[in-house]
$ cat final-v3.txt   # compact mmCIF, C-alpha atoms
# COMPACT_ATOMS: atom_id res chain seq x y z
CA MET I 2 14.31 -6.01 34.19
CA THR I 3 18.02 -5.60 33.49
CA LYS I 4 18.85 -7.79 36.50
CA ASN I 5 16.97 -10.67 34.88
CA LEU I 6 17.72 -9.82 31.26
CA GLU I 7 19.56 -13.05 30.52
CA GLN I 8 16.59 -15.14 31.67
CA VAL I 9 14.13 -12.95 29.77
CA VAL I 10 16.17 -13.11 26.55
CA THR I 11 16.57 -16.88 26.87
CA MET I 12 12.86 -17.39 27.44
CA VAL I 13 11.88 -15.16 24.53
CA LEU I 14 14.41 -16.70 22.15
CA ASN I 15 13.16 -20.18 23.04
CA SER I 16 9.77 -19.06 21.75
CA PHE I 17 11.33 -18.40 18.33
CA HIS I 18 11.03 -22.20 17.91
CA ASP I 19 7.40 -22.48 18.96
CA PRO I 20 5.33 -24.51 16.49
CA HIS I 21 2.72 -21.77 16.14
CA PRO I 22 3.64 -18.79 13.90
CA ARG I 23 1.73 -16.35 16.12
CA ALA I 24 3.87 -17.34 19.09
CA ARG I 25 7.02 -16.88 16.99
CA TRP I 26 5.74 -13.49 15.81
CA ALA I 27 5.07 -12.46 19.43
CA ALA I 28 8.56 -13.55 20.50
CA ILE I 29 10.10 -11.54 17.67
CA ASN I 30 7.95 -8.59 18.71
CA ALA I 31 9.20 -8.93 22.30
CA ILE I 32 12.82 -8.78 21.09
CA GLY I 33 11.96 -5.64 19.16
CA GLN I 34 10.50 -4.01 22.24
CA LEU I 35 13.41 -5.11 24.42
CA SER I 36 15.81 -3.73 21.82
CA THR I 37 14.17 -0.34 22.05
CA ASP I 38 13.58 -0.26 25.79
CA LEU I 39 16.80 -1.86 27.02
CA GLY I 40 19.26 -0.87 24.34
CA PRO I 41 22.19 -0.67 24.08
CA ASP I 42 22.51 -3.05 27.06
CA LEU I 43 20.63 -5.81 25.23
CA GLN I 44 22.66 -5.34 22.06
CA ASN I 45 26.02 -5.29 23.81
CA LYS I 46 25.37 -8.37 25.94
CA TYR I 47 23.19 -10.57 23.72
CA HIS I 48 23.95 -9.74 20.08
CA HIS I 49 25.51 -13.20 19.69
CA LEU I 50 22.13 -14.76 20.54
CA VAL I 51 19.62 -12.28 19.13
CA LEU I 52 21.02 -11.58 15.67
CA PRO I 53 21.37 -15.25 14.67
CA ALA I 54 17.84 -15.91 15.98
CA LEU I 55 16.42 -13.05 13.92
CA ALA I 56 18.35 -14.24 10.87
CA SER I 57 16.94 -17.72 11.35
CA ALA I 58 13.40 -16.34 11.67
CA MET I 59 13.85 -14.68 8.28
CA ASP I 60 14.07 -18.19 6.81
CA ASP I 61 10.43 -18.94 7.76
CA PHE I 62 9.21 -18.92 4.14
CA ASN I 63 5.91 -20.57 5.08
CA ASN I 64 5.03 -17.56 7.26
CA PRO I 65 5.72 -14.25 5.52
CA ARG I 66 4.41 -12.25 8.50
CA VAL I 67 7.07 -13.85 10.69
CA GLN I 68 9.73 -13.15 8.06
CA ALA I 69 8.66 -9.53 7.67
CA HIS I 70 8.56 -8.96 11.40
CA ALA I 71 11.99 -10.52 11.93
CA ALA I 72 13.40 -8.17 9.29
CA SER I 73 11.66 -5.19 10.89
CA VAL I 74 13.02 -6.05 14.31
CA VAL I 75 16.54 -6.03 12.88
CA LEU I 76 15.88 -2.29 12.52
CA ASN I 77 14.98 -1.98 16.23
CA PHE I 78 18.01 -3.99 17.24
CA SER I 79 20.53 -2.27 14.99
CA GLU I 80 19.54 1.23 16.08
CA ASN I 81 21.42 0.70 19.35
CA CYS I 82 24.39 -1.15 17.85
CA THR I 83 27.87 0.07 17.15
CA SER I 84 29.42 -0.62 13.77
CA GLU I 85 31.97 -2.91 15.46
CA LEU I 86 29.22 -5.00 16.97
CA LEU I 87 27.40 -5.40 13.64
CA LYS I 88 30.40 -6.13 11.41
CA PRO I 89 30.62 -9.89 12.11
CA TYR I 90 26.95 -10.30 11.17
CA LEU I 91 26.80 -8.07 8.09
CA ASP I 92 27.35 -10.67 5.38
CA GLY I 93 24.72 -13.02 6.75
CA LEU I 94 22.16 -10.32 7.54
CA VAL I 95 22.54 -8.46 4.27
CA GLY I 96 22.37 -11.73 2.32
CA LYS I 97 19.13 -12.75 4.00
CA LEU I 98 17.62 -9.29 3.63
CA LEU I 99 18.46 -9.24 -0.07
CA VAL I 100 16.69 -12.58 -0.48
CA LEU I 101 13.65 -11.15 1.30
CA LEU I 102 13.60 -8.24 -1.14
CA GLN I 103 12.81 -10.81 -3.84
CA ASN I 104 9.76 -12.07 -1.94
CA PRO I 105 6.47 -11.35 -3.74
CA LYS I 106 4.82 -10.15 -0.49
CA GLN I 107 5.04 -6.39 -0.11
CA MET I 108 5.19 -6.54 3.70
CA VAL I 109 8.27 -8.77 3.49
CA GLN I 110 9.93 -6.44 0.98
CA GLU I 111 9.19 -3.39 3.15
CA GLY I 112 10.58 -5.04 6.28
CA ALA I 113 13.72 -6.08 4.41
CA LEU I 114 14.26 -2.66 2.87
CA THR I 115 13.91 -0.76 6.13
CA ALA I 116 16.19 -3.25 7.87
CA LEU I 117 18.81 -2.87 5.13
CA ALA I 118 18.72 0.89 5.52
CA SER I 119 19.09 0.66 9.29
CA VAL I 120 21.91 -1.89 9.14
CA ALA I 121 23.73 0.27 6.58
CA ASP I 122 23.32 3.33 8.78
CA SER I 123 24.32 1.60 12.01
CA SER I 124 27.27 -0.22 10.50
CA GLN I 125 28.45 2.90 8.67
CA ILE I 126 29.34 0.69 5.75
CA LEU I 127 27.39 2.04 2.82
CA SER I 128 29.77 0.59 0.24
CA ILE I 129 28.15 -2.83 0.59
CA PHE I 130 25.19 -1.45 -1.35
CA ILE I 131 27.18 -0.16 -4.32
CA SER I 132 26.89 -3.56 -6.02
CA PHE I 133 23.20 -3.66 -5.08

$ encode --input "final-v3.txt" --output "structure tokens"
Amino acid sequence: MTKNLEQVVTMVLNSFHDPHPRARWAAINAIGQLSTDLGPDLQNKYHHLVLPALASAMDDFNNPRVQAHAASVVLNFSENCTSELLKPYLDGLVGKLLVLLQNPKQMVQEGALTALASVADSSQILSIFISF
């Protein structure tokens, strides 16, 4: 799988734009599984593609299940990340996750909260939450 990882990641990320929310959810799920199974290789090589795609999926306000799952997969992805790798994405990720905490759907709030905890742990920057 690692020999063809670029093609797999590209194919899966293309499905983030599928018109059907179940297809988008499945693509997000695939990234979560790849993050766990192929980390930290996936994170080191494709963070510049995966993290912006997950952040974009969190903007799917018409589909809270997609939003919640994108937030949850940030947890899977960040578990195999170094703090240096996450730093450029922190402002955008934390901002989106804080917006999701305001969502009335509990599943979205739970996904955002667990992702925030994981990002804080992986980035080793807990001071960003002092103003929270």

$ atom_distance --input "final-v3.txt" --atom1 "atom CA of Met108 of chain I" --atom2 "atom CA of Glu80 of chain I"
20.5 Å

$ closest_residue --input "final-v3.txt" --among "I:Ala72, I:Leu86, I:Leu94, I:Val100" --to "Ala113 of chain I" --atoms "only C-alpha atoms"
I:Ala72

$ closest_residue --input "final-v3.txt" --among "I:Asn45, I:Ser36, I:Ser124, I:Asn104" --to "Met59 of chain I" --atoms "only C-alpha atoms"
I:Asn104

$ atom_distance --input "final-v3.txt" --atom1 "atom CA of Leu6 of chain I" --atom2 "atom CA of Arg25 of chain I"
19.2 Å

$ atom_distance --input "final-v3.txt" --atom1 "atom CA of Ile29 of chain I" --atom2 "atom CA of Asp42 of chain I"
17.7 Å

$ residues_near_point --input "final-v3.txt" --point "(13.7, -2.9, -2.0)" --cutoff "12 Å" --atoms "only C-alpha atoms" --output "list of chain:residue names"
I:Leu98, I:Leu99, I:Val100, I:Leu101, I:Leu102, I:Gln103, I:Asn104, I:Pro105, I:Lys106, I:Gln107, I:Met108, I:Val109, I:Gln110, I:Glu111, I:Gly112, I:Ala113, I:Leu114, I:Thr115, I:Ala116, I:Leu117, I:Ala118, I:Phe130, I:Phe133

$ write_last_selection --input "final-v3.txt" --atoms "C-alpha atoms" --output "compact mmCIF listing (two decimals), keeping the file's coordinate frame"
# COMPACT_ATOMS: atom_id res chain seq x y z
CA LEU I 98 17.62 -9.29 3.63
CA LEU I 99 18.46 -9.24 -0.07
CA VAL I 100 16.69 -12.58 -0.48
CA LEU I 101 13.65 -11.15 1.30
CA LEU I 102 13.60 -8.24 -1.14
CA GLN I 103 12.81 -10.81 -3.84
CA ASN I 104 9.76 -12.07 -1.94
CA PRO I 105 6.47 -11.35 -3.74
CA LYS I 106 4.82 -10.15 -0.49
CA GLN I 107 5.04 -6.39 -0.11
CA MET I 108 5.19 -6.54 3.70
CA VAL I 109 8.27 -8.77 3.49
CA GLN I 110 9.93 -6.44 0.98
CA GLU I 111 9.19 -3.39 3.15
CA GLY I 112 10.58 -5.04 6.28
CA ALA I 113 13.72 -6.08 4.41
CA LEU I 114 14.26 -2.66 2.87
CA THR I 115 13.91 -0.76 6.13
CA ALA I 116 16.19 -3.25 7.87
CA LEU I 117 18.81 -2.87 5.13
CA ALA I 118 18.72 0.89 5.52
CA PHE I 130 25.19 -1.45 -1.35
CA PHE I 133 23.20 -3.66 -5.08

$ closest_residue --input "final-v3.txt" --among "I:Leu14, I:Leu43, I:Val95, I:Leu55" --to "Val67 of chain I" --atoms "all atoms listed in the file"
I:Leu55

$ closest_residue --input "final-v3.txt" --among "I:Trp26, I:Tyr90, I:Tyr47, I:Phe17" --to "Pro65 of chain I" --atoms "all atoms listed in the file"
I:Trp26

$ closest_residue --input "final-v3.txt" --among "I:Leu76, I:Gln8, I:Glu85, I:Lys97" --to "Ser119 of chain I" --atoms "all atoms listed in the file"
I:Leu76

$ closest_residue --input "final-v3.txt" --among "I:Ser16, I:Arg23, I:Val10, I:Val120" --to "Ser84 of chain I" --atoms "all atoms listed in the file"
I:Val120

$ axis_aligned_box --input "final-v3.txt" --around "segment 113-122 of chain I" --padding-each-side "6 Å" --output "lines of an AutoDock Vina configuration file"
center_x = 18.7
center_y = -1.4
center_z = 6.1
size_x = 22.0
size_y = 21.4
size_z = 18.4

$ residues_near_point --input "final-v3.txt" --point "(22.5, -11.1, 17.7)" --cutoff "10 Å" --atoms "all atoms listed in the file" --output "count of residues only"
21

$ build_atoms --input "final-v3.txt" --residues "segment 85-111 of chain I" --atoms "N, CA and C atoms" --output "short mmCIF file (atom, residue, chain, number, x, y, z; two decimals), keeping the file's coordinate frame"
data_model
loop_
_atom_site.label_atom_id
_atom_site.label_comp_id
_atom_site.auth_asym_id
_atom_site.auth_seq_id
_atom_site.Cartn_x
_atom_site.Cartn_y
_atom_site.Cartn_z
N GLU I 85 31.11 -1.77 15.11
CA GLU I 85 31.97 -2.91 15.46
C GLU I 85 31.16 -4.13 15.85
N LEU I 86 30.07 -3.89 16.55
CA LEU I 86 29.22 -5.00 16.97
C LEU I 86 28.53 -5.66 15.78
N LEU I 87 28.12 -4.87 14.80
CA LEU I 87 27.40 -5.40 13.64
C LEU I 87 28.29 -6.08 12.60
N LYS I 88 29.52 -5.65 12.50
CA LYS I 88 30.40 -6.13 11.41
C LYS I 88 30.43 -7.65 11.25
N PRO I 89 30.56 -8.43 12.31
CA PRO I 89 30.62 -9.89 12.11
C PRO I 89 29.33 -10.49 11.52
N TYR I 90 28.24 -9.77 11.61
CA TYR I 90 26.95 -10.30 11.17
C TYR I 90 26.51 -9.75 9.81
N LEU I 91 27.25 -8.78 9.29
CA LEU I 91 26.80 -8.07 8.09
C LEU I 91 26.56 -8.98 6.90
N ASP I 92 27.51 -9.83 6.57
CA ASP I 92 27.35 -10.67 5.38
C ASP I 92 26.09 -11.52 5.46
N GLY I 93 25.90 -12.18 6.60
CA GLY I 93 24.72 -13.02 6.75
C GLY I 93 23.42 -12.24 6.75
N LEU I 94 23.39 -11.13 7.48
CA LEU I 94 22.16 -10.32 7.54
C LEU I 94 21.82 -9.71 6.19
N VAL I 95 22.80 -9.10 5.56
CA VAL I 95 22.54 -8.46 4.27
C VAL I 95 22.12 -9.50 3.24
N GLY I 96 22.76 -10.66 3.25
CA GLY I 96 22.37 -11.73 2.32
C GLY I 96 20.92 -12.15 2.50
N LYS I 97 20.52 -12.35 3.73
CA LYS I 97 19.13 -12.75 4.00
C LYS I 97 18.15 -11.64 3.63
N LEU I 98 18.50 -10.41 3.95
CA LEU I 98 17.62 -9.29 3.63
C LEU I 98 17.48 -9.10 2.12
N LEU I 99 18.55 -9.33 1.39
CA LEU I 99 18.46 -9.24 -0.07
C LEU I 99 17.57 -10.33 -0.65
N VAL I 100 17.61 -11.51 -0.06
CA VAL I 100 16.69 -12.58 -0.48
C VAL I 100 15.25 -12.18 -0.21
N LEU I 101 15.01 -11.58 0.96
CA LEU I 101 13.65 -11.15 1.30
C LEU I 101 13.13 -10.06 0.37
N LEU I 102 14.02 -9.26 -0.18
CA LEU I 102 13.60 -8.24 -1.14
C LEU I 102 12.99 -8.87 -2.40
N GLN I 103 13.34 -10.11 -2.67
CA GLN I 103 12.81 -10.81 -3.84
C GLN I 103 11.46 -11.46 -3.57
N ASN I 104 11.02 -11.44 -2.33
CA ASN I 104 9.76 -12.07 -1.94
C ASN I 104 8.60 -11.31 -2.60
N PRO I 105 7.60 -12.03 -3.09
CA PRO I 105 6.47 -11.35 -3.74
C PRO I 105 5.57 -10.56 -2.77
N LYS I 106 5.66 -10.84 -1.47
CA LYS I 106 4.82 -10.15 -0.49
C LYS I 106 5.41 -8.78 -0.18
N GLN I 107 4.58 -7.76 -0.33
CA GLN I 107 5.04 -6.39 -0.11
C GLN I 107 5.50 -6.17 1.33
N MET I 108 4.80 -6.75 2.30
CA MET I 108 5.19 -6.54 3.70
C MET I 108 6.58 -7.10 3.98
N VAL I 109 6.94 -8.19 3.32
CA VAL I 109 8.27 -8.77 3.49
C VAL I 109 9.32 -7.85 2.85
N GLN I 110 9.02 -7.35 1.67
CA GLN I 110 9.93 -6.44 0.98
C GLN I 110 10.16 -5.16 1.80
N GLU I 111 9.07 -4.62 2.36
CA GLU I 111 9.19 -3.39 3.15
C GLU I 111 10.02 -3.61 4.40
#
